[in-house]
>>> print(open('run02.cif').read())   # mmCIF, C-alpha atoms
data_coords
#
loop_
_atom_site.label_atom_id
_atom_site.label_comp_id
_atom_site.auth_asym_id
_atom_site.auth_seq_id
_atom_site.Cartn_x
_atom_site.Cartn_y
_atom_site.Cartn_z
CA MET A 1 129.53 91.22 114.01
CA ILE A 2 127.02 89.77 111.56
CA THR A 3 126.24 86.06 111.69
CA ILE A 4 124.85 84.13 108.73
CA ARG A 5 122.77 81.08 109.62
CA GLN A 6 120.14 78.84 108.10
CA ALA A 7 116.66 80.35 108.26
CA ARG A 8 114.05 78.77 110.54
CA ALA A 9 110.27 78.97 110.57
CA SER A 10 110.55 81.27 113.58
CA ASP A 11 112.36 83.80 111.33
CA GLU A 12 109.37 84.27 109.00
CA ILE A 13 108.09 87.48 110.60
CA ALA A 14 111.55 89.07 110.65
CA MET A 15 112.16 88.02 107.03
CA GLN A 16 108.83 89.46 105.96
CA ASN A 17 109.58 92.68 107.83
CA CYS A 18 112.87 92.98 105.96
CA ASN A 19 111.03 92.32 102.69
CA LEU A 20 108.23 94.82 103.37
CA THR A 21 110.73 97.49 104.45
CA ASN A 22 113.00 97.18 101.42
CA LEU A 23 111.31 95.63 98.40
CA PRO A 24 108.30 96.43 96.23
CA GLU A 25 107.60 92.69 95.68
CA ASN A 26 106.03 91.26 98.81
CA TYR A 27 105.03 87.74 99.76
CA HIS A 28 102.45 86.16 102.04
CA MET A 29 103.72 84.37 105.13
CA LYS A 30 102.77 81.00 103.65
CA TYR A 31 105.23 81.60 100.79
CA TYR A 32 108.14 81.87 103.24
CA LEU A 33 106.90 78.77 105.06
CA TYR A 34 106.62 76.90 101.74
CA HIS A 35 110.27 77.63 100.95
CA LEU A 36 111.48 76.80 104.45
CA ALA A 37 109.48 73.56 104.60
CA THR A 38 110.32 72.35 101.09
CA TRP A 39 113.97 73.45 100.84
CA PRO A 40 115.08 74.08 104.46
CA GLU A 41 118.77 73.93 103.51
CA LEU A 42 118.65 76.82 101.04
CA SER A 43 117.42 79.94 102.85
CA PHE A 44 119.59 81.98 105.21
CA VAL A 45 119.34 85.00 107.48
CA ALA A 46 121.89 87.54 108.66
CA GLU A 47 121.69 88.46 112.34
CA ASN A 48 123.30 91.40 114.11
CA GLU A 49 124.91 91.23 117.56
CA GLN A 50 121.50 91.54 119.25
CA GLY A 51 120.08 88.59 117.29
CA ARG A 52 117.92 90.81 115.05
CA VAL A 53 117.47 89.61 111.47
CA VAL A 54 118.94 92.31 109.21
CA GLY A 55 118.89 90.41 105.95
CA TYR A 56 117.80 87.20 104.30
CA VAL A 57 117.97 85.14 101.13
CA LEU A 58 114.96 83.01 100.18
CA ALA A 59 115.95 80.26 97.76
CA LYS A 60 114.55 77.12 96.18
CA MET A 61 115.19 74.46 93.58
CA ASN A 62 113.34 74.49 90.27
CA GLU A 63 110.00 72.79 90.55
CA ASP A 64 109.83 71.12 87.15
CA MET A 65 112.34 68.51 88.34
CA THR A 66 114.23 68.47 85.05
CA GLU A 67 117.79 67.32 85.00
CA PRO A 68 120.13 68.91 85.77
CA LEU A 69 118.58 70.55 88.78
CA ASP A 70 118.78 74.33 88.93
CA GLY A 71 118.46 76.58 91.94
CA HIS A 72 116.58 79.86 92.06
CA ILE A 73 116.94 82.91 94.28
CA THR A 74 113.41 84.02 95.09
CA SER A 75 114.27 87.05 97.20
CA LEU A 76 117.27 88.80 98.74
CA SER A 77 117.02 91.76 101.09
CA VAL A 78 119.31 93.56 103.54
CA MET A 79 118.13 96.36 105.81
CA ARG A 80 119.35 99.74 104.56
CA SER A 81 121.60 100.53 107.52
CA TYR A 82 123.44 97.21 107.01
CA ARG A 83 124.09 97.55 103.28
CA ARG A 84 127.55 97.80 101.72
CA LEU A 85 128.98 95.49 104.39
CA GLY A 86 129.11 92.38 102.19
CA ILE A 87 126.05 90.80 103.81
CA ALA A 88 124.14 90.23 100.57
CA GLU A 89 127.19 88.59 99.03
CA ARG A 90 127.62 86.29 102.04
CA LEU A 91 123.93 85.33 102.01
CA MET A 92 124.05 84.58 98.29
CA ASN A 93 127.24 82.54 98.61
CA GLN A 94 125.71 80.42 101.38
CA ALA A 95 122.57 79.73 99.33
CA GLN A 96 124.56 78.88 96.18
CA ARG A 97 126.89 76.55 98.06
CA ALA A 98 123.94 74.76 99.65
CA MET A 99 122.28 74.35 96.24
CA PHE A 100 125.43 72.73 94.89
CA GLU A 101 126.31 70.59 97.91
CA VAL A 102 122.82 69.40 98.90
CA PHE A 103 121.04 69.18 95.54
CA ASP A 104 123.96 69.03 93.09
CA ALA A 105 122.62 72.12 91.33
CA LYS A 106 124.41 72.98 88.12
CA CYS A 107 123.29 76.59 87.96
CA VAL A 108 121.30 79.21 89.83
CA SER A 109 118.93 81.80 88.42
CA LEU A 110 117.26 84.98 89.62
CA HIS A 111 115.29 87.97 88.39
CA VAL A 112 116.22 91.59 89.01
CA ARG A 113 114.43 94.79 88.09
CA ILE A 114 116.14 96.57 85.20
CA SER A 115 115.98 99.79 87.25
CA ASN A 116 117.71 98.23 90.29
CA ILE A 117 121.26 99.25 89.40
CA ALA A 118 122.74 98.34 92.81
CA ALA A 119 121.32 94.80 92.79
CA PHE A 120 122.25 94.30 89.14
CA SER A 121 125.83 95.38 89.92
CA LEU A 122 125.99 92.96 92.87
CA TYR A 123 124.77 90.07 90.75
CA ARG A 124 126.88 90.80 87.67
CA ASN A 125 130.07 92.35 89.03
CA THR A 126 130.43 90.76 92.46
CA LEU A 127 128.66 87.41 92.10
CA SER A 128 129.39 86.76 88.38
CA PHE A 129 125.82 86.23 87.16
CA ASP A 130 125.18 86.66 83.43
CA ILE A 131 122.07 88.04 81.78
CA ASP A 132 120.19 85.14 80.21
CA HIS A 133 117.36 87.23 78.76
CA THR A 134 114.95 90.06 79.52
CA GLU A 135 111.43 89.25 80.68
CA PRO A 136 109.03 92.01 79.65
CA LYS A 137 106.57 93.20 82.28
CA TYR A 138 107.79 90.57 84.77
CA TYR A 139 106.83 92.58 87.85
CA ALA A 140 103.29 93.44 88.95
CA ASP A 141 103.88 97.13 88.21
CA GLY A 142 104.86 96.29 84.62
CA GLU A 143 108.62 96.74 84.95
CA ASP A 144 110.88 94.42 82.95
CA ALA A 145 113.31 92.06 84.64
CA TYR A 146 116.69 90.67 83.72
CA SER A 147 116.64 86.92 84.05
CA MET A 148 120.16 86.10 85.21
CA LYS A 149 122.04 82.82 85.61
CA LYS A 150 125.25 81.59 87.11
CA ASP A 151 127.04 78.31 86.46
CA LEU A 152 127.83 76.59 89.76
CA THR A 153 129.77 73.62 88.42
CA ALA A 154 133.04 75.41 87.77
CA LEU A 155 132.73 77.32 91.02
CA TYR A 156 132.59 74.35 93.37
CA SER A 157 133.78 71.34 91.33
CA LEU A 158 137.47 72.10 91.72
CA GLU A 159 136.99 72.64 95.43
CA GLN A 160 135.17 69.32 95.74
CA GLU A 161 137.89 67.49 93.78
CA ASN A 162 140.49 68.80 96.22
CA LEU A 163 138.52 67.28 99.11
CA ASP A 164 138.32 63.77 97.58
CA PHE A 165 140.72 61.34 99.22
#
>>> encode(input="run02.cif", output="structure tokens")
Amino acid sequence: MITIRQARASDEIAMQNCNLTNLPENYHMKYYLYHLATWPELSFVAENEQGRVVGYVLAKMNEDMTEPLDGHITSLSVMRSYRRLGIAERLMNQAQRAMFEVFDAKCVSLHVRISNIAAFSLYRNTLSFDIDHTEPKYYADGEDAYSMKKDLTALYSLEQENLDF
């Protein structure tokens, strides 16, 4: 059984290991700490039965502090042997819900390599993100990225209205 929980500072090494194993974009440890210290409610890890981190989502709020506030997915990774089990979707849903509930985020954005067909399919077909625009040479190796967005208001507003007494 896979458990999704809020990420802690003690998860940094496991999160970085997951990142280094699976993704070409890598971050320094201080970048994880920055996210976890500034927006502790927004990043999550997936743990297996042995308590090993097998996936994570690193998320933040936009830093320009414009209204309305928007969330951003910085990084999402699931270890190869745990893919196609719905873990990435669960991690993303937790982060999006936290953005909406804690910060009243109206939308969430992310970037995905144009060549990453599996991730693009997850974001577009499973999680209902739309392409906002293409960012040329976004990645360090020169590859273009799709900048994608998702409206959170329609997703959670009805649910919140049903909870009002």
>>> resolve_selection(input="run02.cif", expression="the PyMOL selection byres ((chain A and resi 2) around 6)", output="list in words")
Met1, Thr3, Glu47 and Asn48 of chain A
>>> resolve_selection(input="run02.cif", expression="the PyMOL selection byres ((chain A and resi 41) around 12)", output="PyMOL selection string")
chain A and resi 5-8+35-40+42-45+57-61+71+94-103
>>> closest_residue(input="run02.cif", among="A:Asn22, A:Cys107, A:Met29, A:Phe120", to="A:Arg83", atoms="only C-alpha atoms")
A:Asn22
>>> atom_distance(input="run02.cif", atom1="atom CA of A:Tyr82", atom2="atom CA of A:Gln16")
16.6 Å
>>> closest_atom_pairs(input="run02.cif", of="stretch 103-123 of chain A", to="stretch 133-157 of chain A", cutoff="7 Å", atoms="all atoms listed in the file", output="Markdown table")
| residue | atom | partner | partner_atom | distance |
| --- | --- | --- | --- | --- |
| A:Lys106 | CA | A:Leu152 | CA | 5.2 |
| A:Cys107 | CA | A:Asp151 | CA | 4.4 |
| A:Val108 | CA | A:Lys150 | CA | 5.4 |
| A:Ser109 | CA | A:Lys149 | CA | 4.3 |
| A:Leu110 | CA | A:Met148 | CA | 5.4 |
| A:His111 | CA | A:Ser147 | CA | 4.7 |
| A:Val112 | CA | A:Ala145 | CA | 5.3 |
| A:Arg113 | CA | A:Ala145 | CA | 4.5 |
| A:Ile114 | CA | A:Ala145 | CA | 5.4 |
>>> resolve_selection(input="run02.cif", expression="the PyMOL selection byres ((chain A and resi 14) around 10)", output="PyMOL selection string")
chain A and resi 10-13+15-20+45+52-56
>>> write_last_selection(input="run02.cif", atoms="C-alpha atoms", output="PDB file, keeping the file's coordinate frame")
ATOM      1  CA  SER A  10     110.550  81.270 113.580  1.00  0.00           C
ATOM      2  CA  ASP A  11     112.360  83.800 111.330  1.00  0.00           C
ATOM      3  CA  GLU A  12     109.370  84.270 109.000  1.00  0.00           C
ATOM      4  CA  ILE A  13     108.090  87.480 110.600  1.00  0.00           C
ATOM      5  CA  MET A  15     112.160  88.020 107.030  1.00  0.00           C
ATOM      6  CA  GLN A  16     108.830  89.460 105.960  1.00  0.00           C
ATOM      7  CA  ASN A  17     109.580  92.680 107.830  1.00  0.00           C
ATOM      8  CA  CYS A  18     112.870  92.980 105.960  1.00  0.00           C
ATOM      9  CA  ASN A  19     111.030  92.320 102.690  1.00  0.00           C
ATOM     10  CA  LEU A  20     108.230  94.820 103.370  1.00  0.00           C
ATOM     11  CA  VAL A  45     119.340  85.000 107.480  1.00  0.00           C
ATOM     12  CA  ARG A  52     117.920  90.810 115.050  1.00  0.00           C
ATOM     13  CA  VAL A  53     117.470  89.610 111.470  1.00  0.00           C
ATOM     14  CA  VAL A  54     118.940  92.310 109.210  1.00  0.00           C
ATOM     15  CA  GLY A  55     118.890  90.410 105.950  1.00  0.00           C
ATOM     16  CA  TYR A  56     117.800  87.200 104.300  1.00  0.00           C
TER      17      TYR A  56
END
>>> closest_residue(input="run02.cif", among="A:Arg84, A:Gln50, A:Asp104, A:Ala118", to="A:Pro68", atoms="only C-alpha atoms")
A:Asp104
>>> axis_aligned_box(input="run02.cif", around="stretch 114-118 of chain A", padding_each_side="4 Å", output="AutoDock Vina command-line options")
--center_x 119.4 --center_y 98.2 --center_z 89.0 --size_x 14.8 --size_y 11.2 --size_z 15.6
>>> atom_distance(input="run02.cif", atom1="atom CA of A:Glu89", atom2="atom CA of A:Leu127")
7.2 Å
>>> atom_distance(input="run02.cif", atom1="atom CA of A:Asn26", atom2="atom CA of A:Leu76")
11.5 Å
>>> residues_around(input="run02.cif", residues="A:Gly86", least_positions_apart="4", cutoff="10 Å", atoms="only C-alpha atoms", output="PyMOL selection string")
chain A and resi 2+78+82+90-91+122+126
>>> write_last_selection(input="run02.cif", atoms="C-alpha atoms", output="short mmCIF file (atom, residue, chain, number, x, y, z; two decimals), keeping the file's coordinate frame")
data_model
loop_
_atom_site.label_atom_id
_atom_site.label_comp_id
_atom_site.auth_asym_id
_atom_site.auth_seq_id
_atom_site.Cartn_x
_atom_site.Cartn_y
_atom_site.Cartn_z
CA ILE A 2 127.02 89.77 111.56
CA VAL A 78 119.31 93.56 103.54
CA TYR A 82 123.44 97.21 107.01
CA ARG A 90 127.62 86.29 102.04
CA LEU A 91 123.93 85.33 102.01
CA LEU A 122 125.99 92.96 92.87
CA THR A 126 130.43 90.76 92.46
#
>>> decode(input="run02.cif", residues="stretch 28-53 of chain A", atoms="N, CA, C and O atoms", output="tab-separated table (two decimals), in the first residue's frame")
chain	number	residue	atom	x	y	z
A	28	HIS	N	19.53	21.59	-6.12
A	28	HIS	CA	20.37	21.52	-4.92
A	28	HIS	C	19.47	21.28	-3.72
A	28	HIS	O	18.29	21.63	-3.72
A	29	MET	N	20.05	20.74	-2.67
A	29	MET	CA	19.29	20.45	-1.45
A	29	MET	C	18.60	21.70	-0.91
A	29	MET	O	17.49	21.63	-0.41
A	30	LYS	N	19.26	22.84	-1.00
A	30	LYS	CA	18.68	24.06	-0.45
A	30	LYS	C	17.38	24.45	-1.17
A	30	LYS	O	16.53	25.12	-0.59
A	31	TYR	N	17.23	24.02	-2.42
A	31	TYR	CA	16.01	24.33	-3.16
A	31	TYR	C	14.81	23.56	-2.58
A	31	TYR	O	13.72	24.10	-2.45
A	32	TYR	N	15.04	22.30	-2.21
A	32	TYR	CA	13.98	21.53	-1.55
A	32	TYR	C	13.64	22.18	-0.21
A	32	TYR	O	12.47	22.35	0.13
A	33	LEU	N	14.67	22.52	0.55
A	33	LEU	CA	14.47	23.13	1.86
A	33	LEU	C	13.71	24.44	1.74
A	33	LEU	O	12.81	24.73	2.53
A	34	TYR	N	14.05	25.24	0.72
A	34	TYR	CA	13.35	26.50	0.48
A	34	TYR	C	11.85	26.26	0.28
A	34	TYR	O	11.02	26.94	0.89
A	35	HIS	N	11.50	25.30	-0.54
A	35	HIS	CA	10.09	24.98	-0.76
A	35	HIS	C	9.42	24.50	0.53
A	35	HIS	O	8.32	24.94	0.86
A	36	LEU	N	10.08	23.60	1.23
A	36	LEU	CA	9.48	23.02	2.43
A	36	LEU	C	9.37	24.04	3.56
A	36	LEU	O	8.44	23.97	4.36
A	37	ALA	N	10.29	24.99	3.62
A	37	ALA	CA	10.24	26.00	4.67
A	37	ALA	C	9.24	27.12	4.34
A	37	ALA	O	8.57	27.63	5.23
A	38	THR	N	9.13	27.46	3.06
A	38	THR	CA	8.28	28.58	2.66
A	38	THR	C	6.83	28.16	2.46
A	38	THR	O	5.91	28.90	2.84
A	39	TRP	N	6.61	27.00	1.88
A	39	TRP	CA	5.26	26.49	1.61
A	39	TRP	C	5.15	25.05	2.13
A	39	TRP	O	4.97	24.11	1.35
A	40	PRO	N	5.23	24.83	3.44
A	40	PRO	CA	5.26	23.46	3.98
A	40	PRO	C	4.01	22.65	3.69
A	40	PRO	O	4.05	21.43	3.69
A	41	GLU	N	2.91	23.33	3.41
A	41	GLU	CA	1.63	22.64	3.17
A	41	GLU	C	1.51	22.06	1.78
A	41	GLU	O	0.58	21.29	1.52
A	42	LEU	N	2.41	22.41	0.87
A	42	LEU	CA	2.17	22.12	-0.55
A	42	LEU	C	2.94	20.95	-1.14
A	42	LEU	O	2.61	20.50	-2.24
A	43	SER	N	3.96	20.45	-0.48
A	43	SER	CA	4.76	19.36	-1.05
A	43	SER	C	4.44	18.06	-0.33
A	43	SER	O	4.25	18.03	0.88
A	44	PHE	N	4.40	16.97	-1.12
A	44	PHE	CA	3.99	15.67	-0.60
A	44	PHE	C	4.92	14.58	-1.08
A	44	PHE	O	5.56	14.72	-2.13
A	45	VAL	N	4.98	13.50	-0.31
A	45	VAL	CA	5.75	12.32	-0.72
A	45	VAL	C	4.83	11.11	-0.71
A	45	VAL	O	3.82	11.08	-0.02
A	46	ALA	N	5.22	10.11	-1.50
A	46	ALA	CA	4.55	8.81	-1.51
A	46	ALA	C	5.51	7.82	-0.88
A	46	ALA	O	6.68	7.75	-1.29
A	47	GLU	N	5.04	7.08	0.10
A	47	GLU	CA	5.86	6.08	0.78
A	47	GLU	C	5.31	4.69	0.52
A	47	GLU	O	4.09	4.49	0.51
A	48	ASN	N	6.22	3.72	0.36
A	48	ASN	CA	5.78	2.33	0.24
A	48	ASN	C	5.60	1.73	1.63
A	48	ASN	O	5.74	2.43	2.65
A	49	GLU	N	5.30	0.45	1.68
A	49	GLU	CA	5.02	-0.23	2.95
A	49	GLU	C	6.20	-0.20	3.92
A	49	GLU	O	6.03	-0.25	5.14
A	50	GLN	N	7.41	-0.10	3.39
A	50	GLN	CA	8.61	-0.07	4.23
A	50	GLN	C	8.98	1.35	4.65
A	50	GLN	O	10.00	1.56	5.31
A	51	GLY	N	8.20	2.33	4.27
A	51	GLY	CA	8.47	3.72	4.61
A	51	GLY	C	9.46	4.40	3.69
A	51	GLY	O	9.93	5.51	3.97
A	52	ARG	N	9.78	3.78	2.56
A	52	ARG	CA	10.70	4.37	1.58
A	52	ARG	C	9.94	5.34	0.68
A	52	ARG	O	8.86	5.03	0.18
A	53	VAL	N	10.52	6.51	0.46
A	53	VAL	CA	9.91	7.49	-0.43
A	53	VAL	C	10.09	7.00	-1.87
A	53	VAL	O	11.21	6.77	-2.32
